[in-house]
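Input: a single structure, listed below in structure tokens.
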Amino acid sequence: MAVGDSQFQLVTFELGEELYGVDIMDVKEIVKLQSVRPIPNAPYYVEGIFNLRSEIIPVINLHKRFHLKERQKTDEDDEFEGGFIILNIDGCKIGIIIDKIARVVQIKSDEVKPPPQMLAGIGTEYIHGVVRQESGYLIILDIRRVFNPKEMQKLVGIS
């Protein structure tokens, strides 16, 4: 999200019972759930790696990273339920597991409010802000803060 922009776009998705968003400029693509090969001695939140068109992508489980319950599947759930959002963070591609893709939304900067001190188990250091919506809140993740530089080096080393 560029500082000073009056509005920006977010790719929104569900994790557990909450709606999250990441800056569309950090999203390379969204892919359906695929098998992931586990990596020995990887950090607890790393599910493993998968091959995306001959590129090895590390896969992060944000449920584990943020200590969230996974969403329980119901009969009303859409056909494209879970999947991966492939992020491009400073030239490094990382997949994050999502429960359900929502949509792309346009947000005005003045709608973004600072996050409460503790939000559903996620530390506020990972959150850019919160936007009030009809159905609840949209939590905007600061994806660059979710992984510190040391963790990013490890993740790049995995792939």
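Chain labels follow the order of the structure tokens: the first chain is A, the next B, and so on; residue numbering restarts at 1 in every chain, and ligands are counted from 1 in their shown order.
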
Problem - Shell of 10 Å around stretch 129-146 of chain A, only C-alpha atoms, local chain residues under 3 positions omitted, as a ChimeraX atom specification - result: /A:1,10-14,18-23,26,62,65-66,87-90,107-116,119,122-126,149,151-152

(Q) I'd like the neighbourhood of stretch 37-49 of chain A as an MDAnalysis selection string, where a residue qualifies if any of its atoms comes within 12 Å (using only C-alpha atoms), though same-chain residues fewer than 4 positions away should be ignored. (A) chainID A and resid 54:68 84 93:97 146:147 151:152 154:159

One decimal place gives the atom CA of A:Lys69-atom CA of A:Ile98 separation as 12.0 Å

Next on the checklist: What's the separation between atom CA of A:Val105 and atom CA of A:Asn148, in Å to one decimal place?
Outcome noted: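 Taking atom CA of A:Val105 as the start and atom CA of A:Asn148 as the end point, the length is 26.9 Å.
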
>> Please return, as a PyMOL selection string, all residues of stretch 14-159 of chain A that DSSP assigns to alpha helix (DSSP H) on the basis of the backbone.
In response: chain A and resi 62-66+143-146+149-158

- So how far away is atom CA of A:Arg103 from atom CA of A:Phe8, in Å?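 These two atoms are separated by 13.8 Å.
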
*asked:* Just list as an MDAnalysis selection string whatever in chain A DSSP marks as strand (DSSP E or B).
replied: chainID A and resid 7:15 18:23 27:32 37 46:52 55:60 83:89 92:98 100:108 113 118:119 122:123 127:133 136:141

**Message:** Quick one: residues within 8 Å of A:Val31, only C-alpha atoms, excluding same-chain residues fewer than 6 positions away - as a ChimeraX atom specification?
**Reply:** /A:83-86

Please, could you write that set of residues out with C-alpha atoms as an mmCIF file, in the first residue's frame?
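Result file is part.cif:
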```cif
data_model
loop_
_atom_site.group_PDB
_atom_site.id
_atom_site.type_symbol
_atom_site.label_atom_id
_atom_site.label_comp_id
_atom_site.auth_asym_id
_atom_site.auth_seq_id
_atom_site.Cartn_x
_atom_site.Cartn_y
_atom_site.Cartn_z
ATOM 1 C CA GLY A 83 -6.266 -22.759 -1.794
ATOM 2 C CA PHE A 84 -3.043 -20.813 -1.777
ATOM 3 C CA ILE A 85 -2.377 -17.162 -2.349
ATOM 4 C CA ILE A 86 1.050 -16.817 -3.923
#
```
